[in-house]
$ cat structure.txt   # compact mmCIF, C-alpha atoms and all ligand atoms
# COMPACT_ATOMS: atom_id res chain seq x y z
CA MET A 9 0.00 0.00 0.00
CA LYS A 10 1.27 3.42 -0.83
CA LYS A 11 -0.13 6.88 -0.21
CA ILE A 12 -1.41 9.12 -2.96
CA ALA A 13 -0.70 12.83 -3.10
CA LYS A 14 -2.83 14.78 -0.71
CA SER A 15 -5.33 17.29 -1.99
CA SER A 16 -7.96 17.98 0.61
CA GLY A 17 -8.85 15.87 3.55
CA LYS A 18 -7.30 12.61 4.58
CA LYS A 19 -4.82 10.60 2.61
CA ILE A 20 -6.38 7.53 1.10
CA PRO A 21 -4.35 4.35 0.62
CA VAL A 22 -4.03 3.05 -2.91
CA LEU A 23 -4.04 -0.65 -3.57
CA ASN A 24 -1.11 -1.71 -5.71
CA HIS A 25 -2.84 -4.59 -7.38
CA LYS A 26 -2.48 -5.38 -11.04
CA SER A 27 -5.96 -6.60 -11.77
CA ILE A 28 -8.48 -3.91 -12.57
CA SER A 29 -11.28 -6.17 -11.27
CA THR A 30 -9.67 -6.25 -7.83
CA ARG A 31 -8.84 -2.57 -7.81
CA ALA A 32 -12.39 -1.63 -8.84
CA ILE A 33 -13.60 -3.22 -5.61
CA HIS A 34 -10.90 -2.21 -3.15
CA ALA A 35 -8.86 0.75 -4.40
CA GLY A 36 -9.18 4.05 -2.63
CA GLU A 37 -10.86 2.88 0.53
CA PRO A 38 -9.26 2.33 3.91
CA ARG A 39 -9.50 -1.26 5.04
CA GLU A 40 -10.68 -0.25 8.47
CA LYS A 41 -13.85 1.73 8.26
CA TYR A 42 -16.20 3.41 10.68
CA ALA A 43 -17.84 0.89 13.06
CA ASP A 44 -16.06 -1.99 11.28
CA SER A 45 -18.40 -1.50 8.38
CA LEU A 46 -17.48 -3.47 5.26
CA MET A 47 -19.07 -0.87 3.01
CA THR A 48 -17.71 2.65 2.60
CA PRO A 49 -19.87 4.81 4.87
CA ILE A 50 -21.87 7.65 3.39
CA ILE A 51 -20.60 10.65 5.36
CA GLN A 52 -23.74 12.74 4.99
CA THR A 53 -22.60 16.01 6.49
CA SER A 54 -22.23 19.55 5.23
CA THR A 55 -19.63 20.50 7.83
CA PHE A 56 -16.81 18.95 9.82
CA THR A 57 -15.77 19.81 13.34
CA PHE A 58 -12.49 20.54 15.12
CA LYS A 59 -11.76 19.15 18.55
CA ASN A 60 -10.16 22.38 19.78
CA SER A 61 -8.13 25.42 18.78
CA LYS A 62 -4.99 23.32 18.39
CA ALA A 63 -6.75 21.09 15.84
CA ILE A 64 -7.70 24.21 13.86
CA GLU A 65 -4.16 25.51 13.90
CA ASP A 66 -2.70 22.13 12.98
CA TYR A 67 -4.97 22.25 9.95
CA THR A 68 -4.56 25.90 8.93
CA LYS A 69 -0.94 26.49 9.87
CA LYS A 70 0.74 23.10 9.71
CA GLY A 71 -1.22 21.68 6.78
CA LYS A 72 -2.49 18.68 8.75
CA GLU A 73 -5.19 16.94 6.80
CA HIS A 74 -8.72 17.54 7.97
CA PHE A 75 -12.08 17.96 6.28
CA GLU A 76 -13.57 21.38 6.83
CA TYR A 77 -16.73 22.15 4.88
CA GLY A 78 -18.73 20.07 2.37
CA ARG A 79 -17.98 22.27 -0.62
CA TYR A 80 -14.25 21.75 -0.07
CA GLY A 81 -14.42 17.99 0.03
CA ASN A 82 -16.12 15.01 1.63
CA PRO A 83 -14.67 11.63 2.71
CA THR A 84 -17.04 9.56 0.56
CA ALA A 85 -16.21 11.70 -2.50
CA LYS A 86 -12.54 11.45 -1.63
CA ILE A 87 -12.69 7.67 -1.76
CA ALA A 88 -14.50 7.76 -5.11
CA GLU A 89 -11.77 10.08 -6.42
CA ALA A 90 -8.98 7.83 -5.18
CA ARG A 91 -10.61 4.76 -6.73
CA LEU A 92 -11.15 6.46 -10.09
CA ALA A 93 -7.57 7.79 -10.12
CA ASP A 94 -6.29 4.29 -9.42
CA LEU A 95 -8.35 2.73 -12.22
CA GLU A 96 -7.33 5.37 -14.76
CA GLY A 97 -3.67 5.32 -13.70
CA ALA A 98 -3.84 9.02 -12.87
CA GLU A 99 -2.18 10.92 -10.03
CA ASP A 100 -5.36 12.59 -8.93
CA CYS A 101 -9.04 13.07 -9.68
CA VAL A 102 -11.96 15.39 -8.95
CA VAL A 103 -15.53 14.10 -9.06
CA PHE A 104 -18.42 16.30 -10.18
CA THR A 105 -22.21 16.31 -10.25
CA SER A 106 -22.15 15.40 -13.95
CA GLY A 107 -19.85 14.80 -16.88
CA MET A 108 -20.67 18.27 -18.24
CA SER A 109 -19.79 19.86 -14.91
CA ALA A 110 -16.39 18.11 -15.10
CA ILE A 111 -15.85 19.26 -18.69
CA THR A 112 -16.89 22.90 -18.26
CA THR A 113 -15.08 23.42 -14.95
CA THR A 114 -11.92 21.84 -16.38
CA ILE A 115 -11.99 24.05 -19.48
CA LEU A 116 -12.67 27.21 -17.48
CA SER A 117 -9.79 26.47 -15.14
CA LEU A 118 -7.35 26.27 -18.07
CA VAL A 119 -8.17 29.32 -20.18
CA GLN A 120 -8.12 33.07 -19.87
CA SER A 121 -9.27 35.75 -22.28
CA GLY A 122 -7.12 35.93 -25.37
CA ASP A 123 -6.49 32.18 -25.37
CA HIS A 124 -7.38 29.82 -28.16
CA ILE A 125 -8.45 26.17 -28.10
CA VAL A 126 -8.86 23.43 -30.69
CA ILE A 127 -11.70 20.90 -30.55
CA THR A 128 -12.71 18.16 -32.97
CA ASP A 129 -16.08 18.42 -34.67
CA ASP A 130 -17.75 15.25 -33.46
CA SER A 131 -17.21 15.93 -29.78
CA TYR A 132 -20.18 15.66 -27.44
CA LYS A 133 -22.82 18.16 -28.56
CA LYS A 134 -22.94 20.14 -25.29
CA THR A 135 -19.14 20.30 -25.06
CA LEU A 136 -18.99 21.76 -28.57
CA GLU A 137 -21.75 24.20 -27.77
CA PHE A 138 -19.94 25.36 -24.65
CA CYS A 139 -16.67 25.89 -26.53
CA LYS A 140 -18.31 27.54 -29.53
CA SER A 141 -20.72 29.87 -27.78
CA TYR A 142 -20.00 30.39 -24.09
CA LEU A 143 -16.22 30.65 -24.25
CA LYS A 144 -16.68 33.57 -26.65
CA GLN A 145 -18.12 35.58 -23.75
CA PHE A 146 -14.70 35.32 -22.13
CA ALA A 147 -12.87 36.15 -25.38
CA VAL A 148 -11.58 32.61 -25.72
CA ASP A 149 -11.34 31.67 -29.37
CA CYS A 150 -12.19 28.16 -30.54
CA THR A 151 -11.32 26.35 -33.77
CA ILE A 152 -13.43 23.32 -34.61
CA VAL A 153 -11.50 20.88 -36.77
CA PRO A 154 -12.77 17.83 -38.64
CA PHE A 155 -12.16 14.63 -36.70
CA GLY A 156 -9.38 12.51 -38.13
CA ASP A 157 -7.62 15.26 -40.08
CA TYR A 158 -4.39 15.53 -38.11
CA ASP A 159 -2.78 17.99 -40.55
CA LEU A 160 -5.68 20.38 -40.11
CA ILE A 161 -5.50 19.93 -36.35
CA GLU A 162 -1.84 20.88 -36.38
CA ARG A 163 -2.45 23.83 -38.68
CA ALA A 164 -5.19 25.06 -36.35
CA VAL A 165 -2.70 25.42 -33.49
CA LYS A 166 -1.67 29.03 -32.87
CA LYS A 167 0.72 30.75 -30.49
CA ASN A 168 -2.04 31.26 -27.95
CA THR A 169 -3.51 27.74 -28.18
CA ARG A 170 -3.91 26.19 -24.72
CA PHE A 171 -5.17 22.73 -25.55
CA ILE A 172 -6.64 20.24 -27.98
CA PHE A 173 -9.89 18.63 -26.87
CA SER A 174 -11.21 15.45 -28.38
CA GLU A 175 -13.08 12.30 -27.65
CA SER A 176 -12.55 8.62 -28.38
CA PRO A 177 -14.60 6.75 -29.39
CA THR A 178 -17.01 9.43 -30.56
CA ASN A 179 -20.75 9.51 -30.83
CA PRO A 180 -22.47 8.09 -32.87
CA TYR A 181 -19.91 6.73 -35.38
CA LEU A 182 -17.42 5.51 -32.79
CA ASN A 183 -14.51 7.19 -34.52
CA ILE A 184 -11.19 6.58 -32.82
CA PHE A 185 -8.85 9.46 -32.12
CA ASP A 186 -5.22 8.50 -32.66
CA LEU A 187 -3.67 9.29 -29.27
CA VAL A 188 -0.09 8.74 -30.45
CA LYS A 189 -0.48 11.20 -33.34
CA ILE A 190 -2.14 13.81 -31.19
CA LYS A 191 0.47 13.52 -28.47
CA LYS A 192 3.19 14.25 -31.04
CA ILE A 193 1.43 17.38 -32.25
CA ALA A 194 0.76 18.57 -28.71
CA ALA A 195 4.32 17.96 -27.55
CA LYS A 196 5.74 19.81 -30.54
CA HIS A 197 3.61 22.88 -29.84
CA LYS A 198 3.70 22.55 -26.04
CA ILE A 199 -0.04 22.45 -25.60
CA LEU A 200 -2.22 20.28 -23.38
CA THR A 201 -4.29 17.32 -24.53
CA LEU A 202 -7.76 16.71 -23.10
CA ILE A 203 -9.66 13.57 -23.93
CA ASP A 204 -13.22 12.61 -23.14
CA SER A 205 -12.90 8.87 -22.62
CA THR A 206 -16.49 8.18 -21.55
CA PHE A 207 -17.21 5.66 -24.32
CA SER A 208 -14.08 3.60 -23.66
CA THR A 209 -13.58 3.71 -19.86
CA PRO A 210 -10.30 2.64 -18.21
CA VAL A 211 -11.11 -1.02 -18.91
CA ASN A 212 -10.77 -0.46 -22.66
CA GLN A 213 -8.45 2.52 -22.98
CA ARG A 214 -6.06 4.36 -20.68
CA PRO A 215 -5.26 7.73 -22.27
CA ILE A 216 -2.83 8.75 -19.51
CA GLU A 217 -0.51 5.96 -20.67
CA PHE A 218 -0.54 7.61 -24.11
CA GLY A 219 0.56 10.88 -22.55
CA MET A 220 -2.80 12.65 -22.50
CA ASP A 221 -2.78 15.40 -19.87
CA LEU A 222 -6.37 15.23 -18.70
CA VAL A 223 -9.00 12.53 -19.04
CA LEU A 224 -12.68 13.39 -18.70
CA GLN A 225 -15.36 10.90 -17.81
CA SER A 226 -19.11 11.05 -17.65
CA ALA A 227 -19.34 8.61 -14.74
CA THR A 228 -23.10 8.61 -15.40
CA LYS A 229 -22.39 6.02 -18.07
CA TYR A 230 -20.24 2.88 -17.61
CA LEU A 231 -18.50 3.83 -14.36
CA ALA A 232 -21.68 4.12 -12.29
CA GLY A 233 -23.38 1.83 -14.76
CA HIS A 234 -26.95 1.55 -13.48
CA ASN A 235 -28.73 4.46 -15.16
CA ASP A 236 -29.51 5.87 -11.71
CA ILE A 237 -27.09 8.76 -11.09
CA LEU A 238 -25.34 11.62 -12.86
CA ALA A 239 -21.64 12.05 -12.10
CA GLY A 240 -18.45 13.14 -13.78
CA ALA A 241 -14.71 13.15 -13.25
CA VAL A 242 -11.49 14.69 -14.46
CA LEU A 243 -8.20 12.87 -13.99
CA GLY A 244 -4.56 13.75 -14.49
CA LYS A 245 -1.46 15.13 -12.81
CA THR A 246 -1.94 16.63 -9.34
CA GLU A 247 -0.66 20.02 -10.46
CA LEU A 248 -3.45 20.43 -13.05
CA ILE A 249 -6.09 18.70 -10.95
CA GLU A 250 -5.45 21.05 -8.02
CA LYS A 251 -6.27 24.07 -10.19
CA ILE A 252 -9.50 22.45 -11.31
CA ARG A 253 -10.38 21.48 -7.73
CA ASP A 254 -9.86 25.07 -6.63
CA LEU A 255 -12.26 26.40 -9.24
CA HIS A 256 -14.73 23.63 -8.42
CA LYS A 257 -14.81 24.84 -4.82
CA SER A 258 -15.94 28.26 -6.07
CA MET A 259 -18.31 27.03 -8.78
CA GLY A 260 -19.85 24.92 -6.04
CA GLY A 261 -21.56 22.12 -7.97
CA LEU A 262 -20.25 19.51 -5.54
CA ILE A 263 -21.45 15.94 -5.84
CA ASP A 264 -23.34 14.75 -2.79
CA PRO A 265 -22.04 11.90 -0.58
CA HIS A 266 -24.91 9.53 -1.28
CA CYS A 267 -24.33 9.88 -5.00
CA CYS A 268 -20.64 9.10 -4.42
CA TYR A 269 -21.65 5.98 -2.58
CA LEU A 270 -23.73 4.85 -5.56
CA LEU A 271 -20.77 5.58 -7.82
CA LEU A 272 -18.47 3.52 -5.58
CA ARG A 273 -20.99 0.70 -5.57
CA GLY A 274 -21.29 0.81 -9.34
CA LEU A 275 -17.52 0.81 -9.74
CA LYS A 276 -17.20 -2.54 -7.98
CA THR A 277 -18.84 -4.36 -10.88
CA PHE A 278 -17.67 -2.00 -13.58
CA PRO A 279 -14.89 -4.14 -15.14
CA LEU A 280 -17.21 -7.15 -15.08
CA ARG A 281 -19.97 -5.21 -16.78
CA VAL A 282 -17.75 -3.60 -19.42
CA LYS A 283 -16.14 -6.91 -20.35
CA ARG A 284 -19.62 -8.40 -20.82
CA GLN A 285 -20.72 -5.35 -22.82
CA ASN A 286 -17.61 -5.61 -25.04
CA GLU A 287 -18.36 -9.25 -25.78
CA SER A 288 -22.06 -8.76 -26.42
CA ALA A 289 -21.55 -5.64 -28.55
CA LEU A 290 -19.08 -7.46 -30.80
CA ILE A 291 -21.49 -10.39 -31.24
CA ILE A 292 -24.33 -7.97 -32.02
CA ALA A 293 -22.16 -5.94 -34.42
CA GLU A 294 -21.26 -9.13 -36.31
CA PHE A 295 -24.92 -10.21 -36.35
CA LEU A 296 -25.98 -6.83 -37.73
CA GLU A 297 -23.24 -6.76 -40.35
CA LYS A 298 -24.55 -9.99 -41.83
CA HIS A 299 -28.22 -9.00 -41.59
CA PRO A 300 -30.04 -8.34 -44.88
CA CYS A 301 -32.04 -5.44 -43.36
CA VAL A 302 -28.91 -3.52 -42.35
CA ARG A 303 -27.11 -1.09 -44.63
CA ARG A 304 -24.04 -0.38 -42.52
CA VAL A 305 -22.63 -1.11 -39.05
CA TYR A 306 -20.15 1.01 -37.10
CA TYR A 307 -18.18 -0.75 -34.37
CA PRO A 308 -14.46 -0.09 -33.71
CA PHE A 309 -13.58 -3.78 -33.43
CA LEU A 310 -15.17 -4.71 -36.78
CA LYS A 311 -12.62 -4.88 -39.59
CA SER A 312 -14.95 -2.73 -41.70
CA HIS A 313 -14.61 0.21 -39.31
CA PRO A 314 -12.40 2.95 -40.80
CA HIS A 315 -10.36 3.17 -37.57
CA TYR A 316 -10.11 -0.55 -36.85
CA GLN A 317 -6.28 -0.52 -36.79
CA VAL A 318 -5.96 2.39 -34.36
CA ALA A 319 -8.73 0.94 -32.22
CA LYS A 320 -6.87 -2.36 -31.96
CA GLU A 321 -3.65 -0.56 -31.04
CA GLN A 322 -4.99 1.67 -28.30
CA MET A 323 -8.00 -0.21 -26.95
CA THR A 324 -8.41 -3.59 -25.34
CA GLY A 325 -12.14 -3.83 -26.07
CA GLY A 326 -14.47 -2.22 -28.58
CA GLY A 327 -16.93 -0.90 -25.99
CA GLY A 328 -20.65 -1.41 -25.55
CA VAL A 329 -22.06 0.87 -28.24
CA VAL A 330 -22.98 -0.30 -31.74
CA THR A 331 -24.26 2.14 -34.36
CA PHE A 332 -26.10 0.92 -37.45
CA ASP A 333 -28.04 2.18 -40.41
CA ILE A 334 -30.96 0.07 -41.55
CA LYS A 335 -32.38 -0.21 -45.05
CA GLY A 336 -35.63 1.57 -45.84
CA THR A 337 -37.14 4.89 -44.89
CA VAL A 338 -37.96 6.76 -41.70
CA LYS A 339 -41.18 4.69 -41.60
CA THR A 340 -39.15 1.47 -41.56
CA ALA A 341 -37.05 2.93 -38.75
CA LYS A 342 -40.14 3.79 -36.69
CA ARG A 343 -41.68 0.33 -37.21
CA PHE A 344 -38.38 -1.28 -36.20
CA MET A 345 -38.07 0.81 -33.05
CA ASP A 346 -41.73 0.49 -32.03
CA ALA A 347 -41.62 -3.31 -32.19
CA LEU A 348 -38.78 -3.67 -29.65
CA LYS A 349 -39.84 -5.22 -26.37
CA LEU A 350 -36.56 -5.63 -24.48
CA CYS A 351 -34.45 -2.66 -25.56
CA TYR A 352 -35.73 0.57 -24.07
CA ILE A 353 -35.91 3.62 -26.30
CA GLY A 354 -33.84 6.25 -24.54
CA PRO A 355 -30.64 8.28 -24.60
CA SER A 356 -27.51 7.51 -22.57
CA LEU A 357 -25.33 4.42 -22.52
CA GLY A 358 -23.21 2.32 -20.25
CA GLY A 359 -25.93 1.04 -17.94
CA VAL A 360 -27.08 -2.51 -17.37
CA GLU A 361 -30.23 -2.02 -19.47
CA THR A 362 -29.92 -2.02 -23.27
CA LEU A 363 -30.99 1.32 -24.72
CA ILE A 364 -31.59 2.32 -28.29
CA THR A 365 -31.71 5.82 -29.72
CA HIS A 366 -32.68 7.21 -33.07
CA PRO A 367 -30.44 10.32 -33.30
CA ALA A 368 -32.55 11.91 -36.07
CA LEU A 369 -35.65 11.96 -33.85
CA VAL A 370 -33.89 12.90 -30.60
CA SER A 371 -30.54 14.74 -30.59
CA TYR A 372 -30.98 16.20 -34.08
CA TYR A 373 -34.77 16.74 -34.14
CA ASP A 374 -34.25 20.50 -34.62
CA TYR A 375 -31.96 20.14 -37.65
CA THR A 376 -33.21 20.26 -41.22
CA ARG A 377 -32.97 16.93 -43.02
CA LYS A 378 -30.26 18.37 -45.25
CA ALA A 379 -28.15 19.59 -42.32
CA ARG A 380 -28.62 16.27 -40.58
CA TYR A 381 -27.53 14.25 -43.61
CA LYS A 382 -24.48 16.48 -43.95
CA LEU A 383 -23.46 15.23 -40.49
CA GLY A 384 -24.26 11.67 -41.53
CA ILE A 385 -27.33 11.42 -39.28
CA THR A 386 -29.67 9.59 -41.63
CA ASP A 387 -33.37 8.80 -41.17
CA THR A 388 -32.53 5.17 -40.49
CA LEU A 389 -29.53 5.46 -38.14
CA PHE A 390 -29.67 3.83 -34.69
CA ARG A 391 -27.32 3.76 -31.74
CA LEU A 392 -27.57 0.68 -29.55
CA ALA A 393 -26.08 0.96 -26.06
CA VAL A 394 -25.72 -2.67 -25.11
CA GLY A 395 -26.59 -3.63 -21.54
CA ILE A 396 -25.72 -6.81 -19.66
CA GLU A 397 -28.79 -8.87 -20.55
CA ASP A 398 -28.23 -12.18 -22.33
CA VAL A 399 -26.95 -11.35 -25.80
CA GLU A 400 -29.31 -13.89 -27.39
CA ASP A 401 -32.28 -12.04 -25.93
CA ILE A 402 -31.05 -8.72 -27.31
CA ILE A 403 -30.56 -10.26 -30.75
CA GLU A 404 -34.03 -11.84 -30.64
CA ASP A 405 -35.47 -8.40 -29.85
CA LEU A 406 -33.62 -6.78 -32.76
CA GLU A 407 -34.86 -9.54 -35.05
CA ARG A 408 -38.41 -8.76 -33.91
CA GLY A 409 -37.76 -5.15 -34.90
CA PHE A 410 -36.44 -6.06 -38.33
CA LYS A 411 -39.47 -8.29 -39.04
CA ALA A 412 -41.78 -5.41 -38.13
CA GLY A 413 -39.71 -3.05 -40.26
CA LEU A 414 -40.18 -5.26 -43.30
CA ARG A 415 -43.96 -5.26 -42.85
CA GLY A 416 -45.83 -2.38 -44.37
C1 LIG A 501 -22.96 11.76 -21.48
C2 LIG A 501 -21.71 12.32 -21.99
C3 LIG A 501 -21.20 13.53 -21.51
C4 LIG A 501 -21.94 14.36 -20.49
O1 LIG A 501 -22.04 13.71 -19.28
P1 LIG A 501 -23.22 13.99 -18.21
O2 LIG A 501 -22.88 13.10 -17.10
O3 LIG A 501 -24.50 13.66 -18.91
O4 LIG A 501 -23.15 15.44 -17.90
C5 LIG A 501 -20.00 13.98 -22.00
N1 LIG A 501 -19.32 13.28 -22.93
C6 LIG A 501 -19.78 12.13 -23.42
C7 LIG A 501 -18.98 11.40 -24.44
C8 LIG A 501 -20.98 11.60 -22.98
O5 LIG A 501 -21.44 10.45 -23.47
$ encode --input "structure.txt" --output "structure tokens" --more "lines below"
Ligand SMILES: *Cc1c(COP(=O)(O)O)cnc(C)c1O
Amino acid sequence: MKKIAKSSGKKIPVLNHKSISTRAIHAGEPREKYADSLMTPIIQTSTFTFKNSKAIEDYTKKGKEHFEYGRYGNPTAKIAEARLADLEGAEDCVVFTSGMSAITTTILSLVQSGDHIVITDDSYKKTLEFCKSYLKQFAVDCTIVPFGDYDLIERAVKKNTRFIFSESPTNPYLNIFDLVKIKKIAAKHKILTLIDSTFSTPVNQRPIEFGMDLVLQSATKYLAGHNDILAGAVLGKTELIEKIRDLHKSMGGLIDPHCCYLLLRGLKTFPLRVKRQNESALIIAEFLEKHPCVRRVYYPFLKSHPHYQVAKEQMTGGGGVVTFDIKGTVKTAKRFMDALKLCYIGPSLGGVETLITHPALVSYYDYTRKARYKLGITDTLFRLAVGIEDVEDIIEDLERGFKAGLRG
């Protein structure tokens, strides 16, 4: 057992165990817990007390670790942070109320007016929106570059560029960002690299090992994994994380201890779930690729995927999301979707329940058909977020959908 760098509150031991399955259960928590509890206690308090004036001075003057006030840190959150940092192979971590809270707070902590940032065009819609519109209010300039064009990315870098932000895999086409290439560009120009790794998770991809400076996670998805909480995290070197933590204390959107408990609970089964989702998603992707009703399938671990090679080099599993375009019209798509009895129609991903979304009807409902098609969001495109049900049952459900689609 070794200690991790302190940030706020007590030092948490880190388990030096190789297996991610073991670390997902034990890392970050002290072995001896309050009242000999096996589970990490939910420390549901907004404030912490000091025994006497000496305890205050030990804390303020001598830097002795002590929790002070809920907005500055909480023991349950601290354990969630230590566990996530361990899993991602990062020095430190801050947890947030949502993935977007992690992303926006991180970005704001890194830029000042006059700065410039580069972001790839198929990043998460709200992240793009934030960079495009809100950062302008602070005179931070943003260049949106096409995903996969590394020359254009490099040419977009200016003297005042602070960082490159991207995602891998992306939504909905599961494009893979080449972390080796991007690291080279960033190192040459001395800029930071930020990567939203929500779709891959530390089971499938560990961006820190590729030299990425900050990893962002919507823990709402695979990490918590039960479609019951919103949470987010940023991970990286202590020096950067401390700056983000400081801003977070002022922004104030602190995650509550009960939510951290649910995140910790979800994390225990997270490698198990993701491995199952990897396996099922690959089986489903192969099933869909052979299916006569399907026009095209996008899955990083299918040889037909344009980024198959990079995916194989930087990921150990293809993830739990499969995107596919079916033959027919929007009417076929609606009949297909309406006939499903197991898969729920809904956004999000990474939970135990299989979810299906029709991006044209949901995320892009306010786009014209022409604008949508320009982005590749066709009338018949679906994104399947595979859960942990039996894969045969999911396939049977999809087959039911295809049969209904053919009718009419
Ligand atoms: C869901 C998601 C987010 C936002 O996370 P929230 O927890 O919903 O705020 C950011 N990036 C990606 C890739 C996501 O899938």
$ residues_near_ligand --input "structure.txt" --ligand "ligand LIG 501 (chain A)" --cutoff "8 Å" --atoms "only C-alpha atoms and all ligand atoms" --output "ChimeraX atom specification"
/A:105-111,131-132,134-135,175,178-179,204-207,224-229,238-240,356-357
$ closest_atom_pairs --input "structure.txt" --of "stretch 350-370 of chain A" --to "stretch 326-340 of chain A" --cutoff "10 Å" --atoms "all atoms listed in the file" --output "JSON lines"
{"residue": "A:Leu357", "atom": "CA", "partner": "A:Val329", "partner_atom": "CA", "distance": 7.5}
{"residue": "A:Gly358", "atom": "CA", "partner": "A:Gly328", "partner_atom": "CA", "distance": 7.0}
{"residue": "A:Gly359", "atom": "CA", "partner": "A:Gly328", "partner_atom": "CA", "distance": 9.6}
{"residue": "A:Thr362", "atom": "CA", "partner": "A:Gly328", "partner_atom": "CA", "distance": 9.6}
{"residue": "A:Leu363", "atom": "CA", "partner": "A:Val329", "partner_atom": "CA", "distance": 9.6}
{"residue": "A:Ile364", "atom": "CA", "partner": "A:Thr331", "partner_atom": "CA", "distance": 9.5}
{"residue": "A:Thr365", "atom": "CA", "partner": "A:Thr331", "partner_atom": "CA", "distance": 9.5}
{"residue": "A:His366", "atom": "CA", "partner": "A:Thr331", "partner_atom": "CA", "distance": 9.9}
{"residue": "A:Ala368", "atom": "CA", "partner": "A:Val338", "partner_atom": "CA", "distance": 9.4}
{"residue": "A:Leu369", "atom": "CA", "partner": "A:Val338", "partner_atom": "CA", "distance": 9.7}
$ atom_distance --input "structure.txt" --atom1 "atom CA of A:Val188" --atom2 "atom CA of A:Asn212"
16.1 Å
$ residues_around --input "structure.txt" --residues "stretch 310-313 of chain A" --least-positions-apart "2" --cutoff "8 Å" --atoms "only C-alpha atoms" --output "ChimeraX atom specification"
/A:290,293-294,306-308,315-316
$ closest_residue --input "structure.txt" --among "A:Ile172, A:Glu400, A:Glu247, A:Leu116" --to "A:Ala147" --atoms "all atoms listed in the file"
A:Leu116
$ atom_distance --input "structure.txt" --atom1 "atom CA of A:Arg284" --atom2 "atom CA of A:Thr209"
13.6 Å
$ closest_residue --input "structure.txt" --among "A:Phe171, A:Arg214, A:His74, A:Ser117" --to "A:Ile249" --atoms "only C-alpha atoms"
A:Ser117
$ closest_atom_pairs --input "structure.txt" --of "stretch 70-93 of chain A" --to "stretch 52-59 of chain A" --cutoff "7 Å" --atoms "all atoms listed in the file" --output "JSON lines"
{"residue": "A:Phe75", "atom": "CA", "partner": "A:Phe56", "partner_atom": "CA", "distance": 6.0}
{"residue": "A:Glu76", "atom": "CA", "partner": "A:Phe56", "partner_atom": "CA", "distance": 5.0}
{"residue": "A:Tyr77", "atom": "CA", "partner": "A:Thr55", "partner_atom": "CA", "distance": 4.5}
{"residue": "A:Gly78", "atom": "CA", "partner": "A:Ser54", "partner_atom": "CA", "distance": 4.5}
$ write_last_selection --input "structure.txt" --atoms "C-alpha atoms" --output "PDB file, keeping the file's coordinate frame"
ATOM      1  CA  PHE A  75     -12.080  17.960   6.280  1.00  0.00           C
ATOM      2  CA  GLU A  76     -13.570  21.380   6.830  1.00  0.00           C
ATOM      3  CA  TYR A  77     -16.730  22.150   4.880  1.00  0.00           C
ATOM      4  CA  GLY A  78     -18.730  20.070   2.370  1.00  0.00           C
TER       5      GLY A  78
END
$ atom_distance --input "structure.txt" --atom1 "atom CA of A:Thr48" --atom2 "atom CA of A:Glu65"
28.9 Å
$ closest_residue --input "structure.txt" --among "A:Ile402, A:Ile193, A:Val360, A:Ile184" --to "A:Glu321" --atoms "only C-alpha atoms"
A:Ile184
$ residues_around --input "structure.txt" --residues "stretch 262-267 of chain A" --least-positions-apart "4" --cutoff "8 Å" --atoms "all atoms listed in the file" --output "JSON, numbers by chain"
{"A": [50, 51, 52, 79, 82, 84, 85, 103, 104, 105, 237, 239, 256, 257, 271]}
